[in-house]
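Peer 1: Take this structure, written in structure tokens, and hold onto it; I'll ask about it next.
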Amino acid sequence: MSASAPEAGGPLRGENALVRAIGPVALTAAIVNIIVGAGIFMLPALLGSRMGGAAPLAFLAGALAIVPIALCFAAVGSRAVATGGPYTYVGAAFGPFAGFLAGALGWICNLASAAGVAAALMSQLAHFVPALAEPAARAAALIALQAALIALNAFGVRLGARAILALATLKLAPLIALAGVGLLFVDWDRISWTQVPSWSALGTAMVLVMFAYSGMETALIPSGEVRDPARHVPRATLAAIVLVVLLYVGIQVVCQGVLGPALPGSAAPIAAAAGALWPPGYGLLLATACVSMTGFLMGNLLGSSRLVFALGRDGYLPRAFGRVSAAHHVPLLAILVHGGLACALAIGGSFEALALISGGANCLLYVGVCLAAWRAQRIDLRGRGAPFVLPGGPAIPLLAVLAMGAIVSTLTRDEWLAIGLALAALVALYGLVRSRSGAV
């Protein structure tokens, strides 16, 4: 992956133009912030409708799958430290085209998730402002929201990182309080730890759970702006995953145990559970959901724009995407393009459909990252500092790959078609750009 020196008096290019301003606390907050986005606010009801009282088992099963993946991210992220995240990891291990495929899958996943979360945010805001349920007002609000996020990201990574840290604090405090206090009021007869759901029900639930657990791949894309990635990436990744698993299982148990049969039909399950425990809690948790989704969109835009930057930097997209603004040292064109496309998809999309597409693409991306972690360790790929070493050689990556294979086998034809068409379009664009660059 290339890096170039700054150009005096004009736009800056390449890795060396970025500012290493993200520390371990901000990186952990970014990972937690982007994982705890919209999924947990919508999924308790969706999982309850599919798995009944056994719904908490879906998050536990997801934890068994996500922990080996987090270990693989920690290992390869400590070895390949340039901006790009999974794109950089897979490319460093298997070569440019494999890296591009990982980048393409990552962008598909991030666009679908950003659009789905933005759509979910509008449905939550409609509880406060009913006019937002109307298509015209909803579209105008989505455009205004993305414009604000783009503007905030355009003024530098430090401002964006501080905003992410603040949003993570605002949303996590009420969620932790609900999970902790709510356990005291759970009707445990409504929770089943032994009920075995059908494979189809569990499979669909697991795709949604992987969507809810996803986000570290996006938060780690700006590795070129982390102060000491060899140390901070493994620590931040593992700390964030442990926190999220505990939080998700606790929230699902509370929603299931407090709402019972009313859970599957709830449009705002976490707010409903909080309201059942304490009436003012409904509005508080509804507001928390809006803050959380906004934080997710902020983190998604920060990370995804750096992915587009990396693809432009390395010649897989037009080189203009690899330019960094002289004033604030951010990839401005990449920010504008990702934000604009996500807004367009959100205007015409729904949360559940986009979440399934995003979750499926993300599982495929995780396969690539886990294989890259195995190969990077085998060839002793190194970046800055001593890398994190996976115990057991290929055992952890193999376990993660098998888990992802089982989950994606449950995707429907429509979900495979959406992922396949989007990937084919990006591969065609890759071929066009590469052929033009070769002809110059």
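In the structure tokens, chains take the letters A, B, ... in the order shown, each chain's residues start at 1, and ligands count up from 1 in the order shown.
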Tell me which protein, DNA and RNA residues are within 10 Å of Leu411 of chain A, counting only C-alpha atoms, leaving out same-chain ones fewer than 4 positions away, and put them as a CSV table (one decimal) with N, CA, C and O atoms, in the first residue's frame.
Peer 2:
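Just written: result_38.csv:
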```
chain,number,residue,atom,x,y,z
A,200,SER,N,-33.6,-22.9,10.5
A,200,SER,CA,-34.0,-21.7,9.7
A,200,SER,C,-34.2,-20.5,10.6
A,200,SER,O,-33.7,-19.4,10.2
A,203,GLY,N,-30.8,-19.5,11.9
A,203,GLY,CA,-29.9,-19.0,10.9
A,203,GLY,C,-30.3,-17.5,10.6
A,203,GLY,O,-29.4,-16.7,10.5
A,204,THR,N,-31.5,-17.2,10.4
A,204,THR,CA,-31.9,-15.8,10.2
A,204,THR,C,-31.6,-14.9,11.3
A,204,THR,O,-31.1,-13.8,11.2
A,207,VAL,N,-27.9,-14.1,11.3
A,207,VAL,CA,-27.5,-13.1,10.4
A,207,VAL,C,-27.7,-11.7,11.0
A,207,VAL,O,-26.9,-10.8,10.9
A,356,LEU,N,-30.1,-7.3,6.8
A,356,LEU,CA,-29.8,-8.7,6.3
A,356,LEU,C,-28.7,-8.7,5.2
A,356,LEU,O,-27.8,-9.5,5.2
A,357,ILE,N,-28.8,-7.7,4.3
A,357,ILE,CA,-27.8,-7.6,3.3
A,357,ILE,C,-26.5,-7.2,3.9
A,357,ILE,O,-25.4,-7.8,3.5
A,359,GLY,N,-25.5,-7.7,7.0
A,359,GLY,CA,-25.0,-8.8,7.8
A,359,GLY,C,-24.4,-9.9,7.0
A,359,GLY,O,-23.3,-10.5,7.3
A,360,GLY,N,-25.0,-10.3,5.8
A,360,GLY,CA,-24.5,-11.3,5.0
A,360,GLY,C,-23.1,-10.9,4.3
A,360,GLY,O,-22.2,-11.7,4.3
A,406,ALA,N,-21.4,-21.3,8.1
A,406,ALA,CA,-22.7,-21.9,8.5
A,406,ALA,C,-23.7,-20.8,8.5
A,406,ALA,O,-24.9,-21.0,8.1
A,407,ILE,N,-23.4,-19.5,8.9
A,407,ILE,CA,-24.3,-18.5,9.0
A,407,ILE,C,-24.8,-18.0,7.6
A,407,ILE,O,-26.0,-17.9,7.3
A,415,GLU,N,-31.1,-12.0,-0.9
A,415,GLU,CA,-30.0,-11.4,-0.2
A,415,GLU,C,-28.7,-11.7,-0.9
A,415,GLU,O,-27.8,-10.8,-1.1
A,416,TRP,N,-28.5,-13.0,-1.4
A,416,TRP,CA,-27.4,-13.3,-2.2
A,416,TRP,C,-27.3,-12.5,-3.5
A,416,TRP,O,-26.3,-12.0,-3.9
```
Peer 1: Would you list the contacts of segment 332-339 of chain A as a ChimeraX atom specification, taking every protein, DNA or RNA residue within 9 Å and counting only C-alpha atoms, but skipping same-chain residues closer than 5 positions in sequence?
Peer 2: /A:107,111,114,146-147,149-150,153-154,301-302,304-309,312,320-325,344
Peer 1: Please identify all polymer residues within 10 Å of Ala38 of chain A, counting only C-alpha atoms, omitting same-chain residues fewer than 4 positions from it, and present them as a list in words.
Peer 2: Ile34, Met42, Leu43, Ser113, Ala114, Gly116, Val117, Ala118, Ala119, Ala120, Leu121, Phe211, Ala212, Ala289, Cys290, Val291, Ser292, Met293, Thr294, Gly295, Phe296, Leu297, Phe351 and Ala355 of chain A
Peer 1: Would you save the residues from that selection as a short mmCIF file (atom, residue, chain, number, x, y, z; two decimals), in the first residue's frame, using N, CA and C atoms?
Peer 2:
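The resulting out10.cif:
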```cif
data_model
loop_
_atom_site.label_atom_id
_atom_site.label_comp_id
_atom_site.auth_asym_id
_atom_site.auth_seq_id
_atom_site.Cartn_x
_atom_site.Cartn_y
_atom_site.Cartn_z
N ILE A 34 -19.78 2.31 17.22
CA ILE A 34 -20.29 1.90 15.91
C ILE A 34 -20.96 0.53 15.97
N MET A 42 -33.38 -2.38 17.72
CA MET A 42 -34.43 -2.98 16.91
C MET A 42 -34.50 -4.50 17.08
N LEU A 43 -33.37 -5.14 17.39
CA LEU A 43 -33.30 -6.60 17.34
C LEU A 43 -34.05 -7.35 18.44
N SER A 113 -25.59 -0.79 5.87
CA SER A 113 -25.84 -0.55 7.30
C SER A 113 -26.11 0.92 7.58
N ALA A 114 -25.37 1.82 6.94
CA ALA A 114 -25.61 3.25 7.14
C ALA A 114 -27.01 3.63 6.69
N GLY A 116 -29.64 1.57 6.37
CA GLY A 116 -30.61 0.93 7.25
C GLY A 116 -30.76 1.64 8.58
N VAL A 117 -29.63 2.04 9.16
CA VAL A 117 -29.67 2.74 10.44
C VAL A 117 -30.31 4.12 10.29
N ALA A 118 -30.00 4.81 9.21
CA ALA A 118 -30.63 6.11 8.98
C ALA A 118 -32.15 5.96 8.83
N ALA A 119 -32.58 4.89 8.14
CA ALA A 119 -34.02 4.64 8.03
C ALA A 119 -34.64 4.35 9.39
N ALA A 120 -33.93 3.55 10.20
CA ALA A 120 -34.42 3.25 11.55
C ALA A 120 -34.48 4.50 12.41
N LEU A 121 -33.50 5.39 12.25
CA LEU A 121 -33.49 6.63 13.01
C LEU A 121 -34.71 7.48 12.69
N PHE A 211 -25.08 -8.75 12.26
CA PHE A 211 -25.22 -7.33 11.93
C PHE A 211 -25.10 -6.48 13.19
N ALA A 212 -25.74 -6.93 14.26
CA ALA A 212 -25.68 -6.17 15.52
C ALA A 212 -24.28 -6.14 16.10
N ALA A 289 -31.91 5.96 21.82
CA ALA A 289 -31.84 5.26 20.53
C ALA A 289 -31.47 6.23 19.41
N CYS A 290 -32.05 7.42 19.44
CA CYS A 290 -31.75 8.41 18.40
C CYS A 290 -30.29 8.86 18.49
N VAL A 291 -29.81 9.09 19.71
CA VAL A 291 -28.40 9.47 19.90
C VAL A 291 -27.48 8.35 19.43
N SER A 292 -27.84 7.11 19.77
CA SER A 292 -27.02 5.96 19.40
C SER A 292 -26.93 5.80 17.89
N MET A 293 -28.05 5.91 17.23
CA MET A 293 -28.04 5.76 15.78
C MET A 293 -27.26 6.89 15.11
N THR A 294 -27.38 8.09 15.65
CA THR A 294 -26.60 9.20 15.12
C THR A 294 -25.11 8.95 15.31
N GLY A 295 -24.74 8.42 16.49
CA GLY A 295 -23.35 8.07 16.72
C GLY A 295 -22.85 6.99 15.77
N PHE A 296 -23.71 6.00 15.51
CA PHE A 296 -23.34 4.97 14.54
C PHE A 296 -23.06 5.59 13.18
N LEU A 297 -23.95 6.46 12.74
CA LEU A 297 -23.78 7.08 11.42
C LEU A 297 -22.52 7.92 11.37
N PHE A 351 -35.07 -0.86 7.31
CA PHE A 351 -34.02 -1.34 8.20
C PHE A 351 -33.79 -2.84 8.07
N ALA A 355 -30.40 -4.53 6.80
CA ALA A 355 -29.61 -5.19 7.84
C ALA A 355 -29.22 -6.60 7.42
#
```
Peer 1: Identify which of the residues A:Leu432, A:Ala262, A:Ala92, A:Met122 lies closest to Gly349 of chain A, counting only C-alpha atoms when measuring atom-to-atom distances.
Peer 2: A:Met122
Peer 1: Residues at most 12 Å from Leu132 of chain A, counting only C-alpha atoms, excluding those fewer than 4 positions away in the same chain, as a compact mmCIF listing (two decimals) with N, CA and C atoms, in the first residue's frame?
Peer 2:
```txt
# COMPACT_ATOMS: atom_id res chain seq x y z
N ALA A 119 -32.58 4.89 8.14
CA ALA A 119 -34.02 4.64 8.03
C ALA A 119 -34.64 4.35 9.39
N ALA A 120 -33.93 3.55 10.20
CA ALA A 120 -34.42 3.25 11.55
C ALA A 120 -34.48 4.50 12.41
N LEU A 121 -33.50 5.39 12.25
CA LEU A 121 -33.49 6.63 13.01
C LEU A 121 -34.71 7.48 12.69
N MET A 122 -35.08 7.53 11.44
CA MET A 122 -36.27 8.30 11.08
C MET A 122 -37.53 7.71 11.72
N SER A 123 -37.60 6.38 11.81
CA SER A 123 -38.78 5.77 12.43
C SER A 123 -38.83 6.06 13.93
N GLN A 124 -37.66 6.16 14.56
CA GLN A 124 -37.62 6.51 15.99
C GLN A 124 -37.98 7.98 16.20
N LEU A 125 -37.44 8.85 15.35
CA LEU A 125 -37.73 10.28 15.47
C LEU A 125 -39.19 10.58 15.21
N ALA A 126 -39.85 9.72 14.43
CA ALA A 126 -41.27 9.93 14.14
C ALA A 126 -42.13 9.81 15.38
N HIS A 127 -41.63 9.15 16.44
CA HIS A 127 -42.37 9.11 17.70
C HIS A 127 -42.43 10.50 18.34
N PHE A 128 -41.38 11.31 18.09
CA PHE A 128 -41.34 12.67 18.62
C PHE A 128 -41.97 13.66 17.65
N ALA A 136 -42.04 12.84 2.13
CA ALA A 136 -41.32 14.06 1.78
C ALA A 136 -40.54 14.60 2.97
N ALA A 137 -41.19 14.66 4.14
CA ALA A 137 -40.52 15.17 5.33
C ALA A 137 -39.39 14.23 5.74
N ARG A 138 -39.62 12.92 5.60
CA ARG A 138 -38.59 11.93 5.94
C ARG A 138 -37.36 12.12 5.05
N ALA A 139 -37.56 12.29 3.76
CA ALA A 139 -36.44 12.48 2.84
C ALA A 139 -35.68 13.77 3.15
N ALA A 140 -36.41 14.84 3.45
CA ALA A 140 -35.76 16.10 3.78
C ALA A 140 -34.93 15.97 5.06
N ALA A 141 -35.46 15.26 6.05
CA ALA A 141 -34.73 15.07 7.30
C ALA A 141 -33.49 14.22 7.09
N LEU A 142 -33.58 13.20 6.24
CA LEU A 142 -32.41 12.37 5.95
C LEU A 142 -31.31 13.19 5.27
N ILE A 347 -33.33 6.74 1.81
CA ILE A 347 -34.61 7.33 1.39
C ILE A 347 -35.54 6.25 0.84
```
Peer 1: Can you pull out the residues contacting Val369 of chain A? Cut-off 8 Å, using only C-alpha atoms, and skip same-chain residues under 2 positions away; I want them as a PDB file with all heavy atoms, in the first residue's frame.
Peer 2:
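The resulting file, selection33.pdb, is shown below:
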```pdb
ATOM      1  N   CYS A  72      -8.903 -12.457  15.492  1.00  0.00           N
ATOM      2  CA  CYS A  72      -8.264 -12.355  14.171  1.00  0.00           C
ATOM      3  C   CYS A  72      -8.053 -10.901  13.780  1.00  0.00           C
ATOM      4  O   CYS A  72      -6.999 -10.539  13.227  1.00  0.00           O
ATOM      5  CB  CYS A  72      -9.112 -13.078  13.118  1.00  0.00           C
ATOM      6  SG  CYS A  72      -9.117 -14.881  13.269  1.00  0.00           S
ATOM      7  N   PHE A  73      -9.049 -10.041  14.043  1.00  0.00           N
ATOM      8  CA  PHE A  73      -8.891  -8.611  13.761  1.00  0.00           C
ATOM      9  C   PHE A  73      -7.748  -8.034  14.587  1.00  0.00           C
ATOM     10  O   PHE A  73      -6.950  -7.234  14.088  1.00  0.00           O
ATOM     11  CB  PHE A  73     -10.184  -7.866  14.064  1.00  0.00           C
ATOM     12  CG  PHE A  73     -11.085  -7.703  12.881  1.00  0.00           C
ATOM     13  CD1 PHE A  73     -12.098  -8.612  12.632  1.00  0.00           C
ATOM     14  CD2 PHE A  73     -10.937  -6.635  12.013  1.00  0.00           C
ATOM     15  CE1 PHE A  73     -12.935  -8.473  11.545  1.00  0.00           C
ATOM     16  CE2 PHE A  73     -11.769  -6.479  10.914  1.00  0.00           C
ATOM     17  CZ  PHE A  73     -12.769  -7.402  10.680  1.00  0.00           C
ATOM     18  N   VAL A  76      -4.286  -9.428  12.961  1.00  0.00           N
ATOM     19  CA  VAL A  76      -3.883  -8.860  11.675  1.00  0.00           C
ATOM     20  C   VAL A  76      -3.834  -7.340  11.737  1.00  0.00           C
ATOM     21  O   VAL A  76      -3.022  -6.699  11.051  1.00  0.00           O
ATOM     22  CB  VAL A  76      -4.812  -9.365  10.548  1.00  0.00           C
ATOM     23  CG1 VAL A  76      -6.198  -8.731  10.636  1.00  0.00           C
ATOM     24  CG2 VAL A  76      -4.202  -9.109   9.172  1.00  0.00           C
ATOM     25  N   PRO A  86     -10.017  -3.931   6.870  1.00  0.00           N
ATOM     26  CA  PRO A  86     -10.004  -5.236   6.198  1.00  0.00           C
ATOM     27  C   PRO A  86      -9.428  -5.207   4.789  1.00  0.00           C
ATOM     28  O   PRO A  86      -8.779  -6.167   4.360  1.00  0.00           O
ATOM     29  CB  PRO A  86     -11.494  -5.620   6.177  1.00  0.00           C
ATOM     30  CG  PRO A  86     -12.061  -4.923   7.357  1.00  0.00           C
ATOM     31  CD  PRO A  86     -11.330  -3.617   7.445  1.00  0.00           C
ATOM     32  N   TYR A  89      -5.787  -5.342   5.354  1.00  0.00           N
ATOM     33  CA  TYR A  89      -5.389  -6.623   5.926  1.00  0.00           C
ATOM     34  C   TYR A  89      -5.340  -7.716   4.851  1.00  0.00           C
ATOM     35  O   TYR A  89      -4.357  -8.443   4.724  1.00  0.00           O
ATOM     36  CB  TYR A  89      -6.355  -7.056   7.027  1.00  0.00           C
ATOM     37  CG  TYR A  89      -6.568  -6.052   8.131  1.00  0.00           C
ATOM     38  CD1 TYR A  89      -7.716  -6.100   8.919  1.00  0.00           C
ATOM     39  CD2 TYR A  89      -5.643  -5.053   8.403  1.00  0.00           C
ATOM     40  CE1 TYR A  89      -7.932  -5.197   9.944  1.00  0.00           C
ATOM     41  CE2 TYR A  89      -5.848  -4.132   9.425  1.00  0.00           C
ATOM     42  CZ  TYR A  89      -7.002  -4.208  10.190  1.00  0.00           C
ATOM     43  OH  TYR A  89      -7.225  -3.316  11.189  1.00  0.00           O
ATOM     44  N   VAL A  90      -6.435  -7.855   4.106  1.00  0.00           N
ATOM     45  CA  VAL A  90      -6.519  -8.923   3.102  1.00  0.00           C
ATOM     46  C   VAL A  90      -5.536  -8.661   1.968  1.00  0.00           C
ATOM     47  O   VAL A  90      -4.883  -9.586   1.463  1.00  0.00           O
ATOM     48  CB  VAL A  90      -7.965  -9.054   2.579  1.00  0.00           C
ATOM     49  CG1 VAL A  90      -8.044 -10.080   1.453  1.00  0.00           C
ATOM     50  CG2 VAL A  90      -8.908  -9.440   3.711  1.00  0.00           C
ATOM     51  N   LEU A 365     -16.957 -10.868   4.453  1.00  0.00           N
ATOM     52  CA  LEU A 365     -15.761 -10.069   4.723  1.00  0.00           C
ATOM     53  C   LEU A 365     -14.959 -10.657   5.882  1.00  0.00           C
ATOM     54  O   LEU A 365     -13.718 -10.712   5.842  1.00  0.00           O
ATOM     55  CB  LEU A 365     -16.178  -8.634   5.042  1.00  0.00           C
ATOM     56  CG  LEU A 365     -15.065  -7.649   5.408  1.00  0.00           C
ATOM     57  CD1 LEU A 365     -14.077  -7.499   4.253  1.00  0.00           C
ATOM     58  CD2 LEU A 365     -15.650  -6.296   5.780  1.00  0.00           C
ATOM     59  N   TYR A 366     -15.661 -11.120   6.925  1.00  0.00           N
ATOM     60  CA  TYR A 366     -14.972 -11.710   8.074  1.00  0.00           C
ATOM     61  C   TYR A 366     -14.183 -12.956   7.677  1.00  0.00           C
ATOM     62  O   TYR A 366     -13.109 -13.229   8.239  1.00  0.00           O
ATOM     63  CB  TYR A 366     -15.977 -12.066   9.166  1.00  0.00           C
ATOM     64  CG  TYR A 366     -16.523 -10.880   9.930  1.00  0.00           C
ATOM     65  CD1 TYR A 366     -17.662 -11.015  10.717  1.00  0.00           C
ATOM     66  CD2 TYR A 366     -15.904  -9.637   9.875  1.00  0.00           C
ATOM     67  CE1 TYR A 366     -18.171  -9.946  11.442  1.00  0.00           C
ATOM     68  CE2 TYR A 366     -16.406  -8.559  10.583  1.00  0.00           C
ATOM     69  CZ  TYR A 366     -17.543  -8.718  11.366  1.00  0.00           C
ATOM     70  OH  TYR A 366     -18.041  -7.659  12.068  1.00  0.00           O
ATOM     71  N   VAL A 367     -14.705 -13.730   6.735  1.00  0.00           N
ATOM     72  CA  VAL A 367     -13.968 -14.892   6.243  1.00  0.00           C
ATOM     73  C   VAL A 367     -12.618 -14.458   5.687  1.00  0.00           C
ATOM     74  O   VAL A 367     -11.568 -15.049   5.985  1.00  0.00           O
ATOM     75  CB  VAL A 367     -14.787 -15.644   5.178  1.00  0.00           C
ATOM     76  CG1 VAL A 367     -13.920 -16.692   4.472  1.00  0.00           C
ATOM     77  CG2 VAL A 367     -15.998 -16.319   5.809  1.00  0.00           C
ATOM     78  N   LEU A 371      -8.843 -15.409   7.287  1.00  0.00           N
ATOM     79  CA  LEU A 371      -7.809 -16.049   6.476  1.00  0.00           C
ATOM     80  C   LEU A 371      -6.558 -15.180   6.399  1.00  0.00           C
ATOM     81  O   LEU A 371      -5.427 -15.680   6.424  1.00  0.00           O
ATOM     82  CB  LEU A 371      -8.346 -16.339   5.075  1.00  0.00           C
ATOM     83  CG  LEU A 371      -9.458 -17.398   4.989  1.00  0.00           C
ATOM     84  CD1 LEU A 371     -10.000 -17.488   3.566  1.00  0.00           C
ATOM     85  CD2 LEU A 371      -8.952 -18.760   5.458  1.00  0.00           C
ATOM     86  N   ALA A 372      -6.757 -13.858   6.318  1.00  0.00           N
ATOM     87  CA  ALA A 372      -5.616 -12.939   6.282  1.00  0.00           C
ATOM     88  C   ALA A 372      -4.839 -12.972   7.589  1.00  0.00           C
ATOM     89  O   ALA A 372      -3.599 -12.882   7.599  1.00  0.00           O
ATOM     90  CB  ALA A 372      -6.096 -11.518   5.980  1.00  0.00           C
ATOM     91  N   ALA A 373      -5.540 -13.091   8.726  1.00  0.00           N
ATOM     92  CA  ALA A 373      -4.859 -13.170  10.020  1.00  0.00           C
ATOM     93  C   ALA A 373      -3.977 -14.412  10.081  1.00  0.00           C
ATOM     94  O   ALA A 373      -2.837 -14.366  10.576  1.00  0.00           O
ATOM     95  CB  ALA A 373      -5.885 -13.190  11.151  1.00  0.00           C
TER      96      ALA A 373
END
```
Peer 1: Please identify all polymer residues within 8 Å of Val67 of chain A, counting only C-alpha atoms, omitting same-chain residues fewer than 4 positions from it, and present them as a ChimeraX atom specification.
Peer 2: /A:63,71,241
Peer 1: Looking at only C-alpha atoms, which of A:Leu402, A:Gly348, A:Arg436, A:Arg382 is the one that sits closest to Arg319 of chain A?
Peer 2: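 When distances to Arg319 of chain A are compared using only C-alpha atoms, the smallest one comes from A:Arg436.
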Peer 1: Go through A:Leu390, A:Leu202, A:Leu311, A:Ala239 one by one, measure the shortest atom-to-atom distance of each to Phe97 of chain A using only C-alpha atoms, and give the residue with the smallest value.
Peer 2: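 The answer is A:Leu311, which sits nearest to Phe97 of chain A.
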Peer 1: Pick the closest to Leu175 of chain A from A:Ser409, A:Thr237, A:Gln252, A:Thr288: which is it, counting only C-alpha atoms?
Peer 2: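 Closest residue, counting only C-alpha atoms: A:Thr288.
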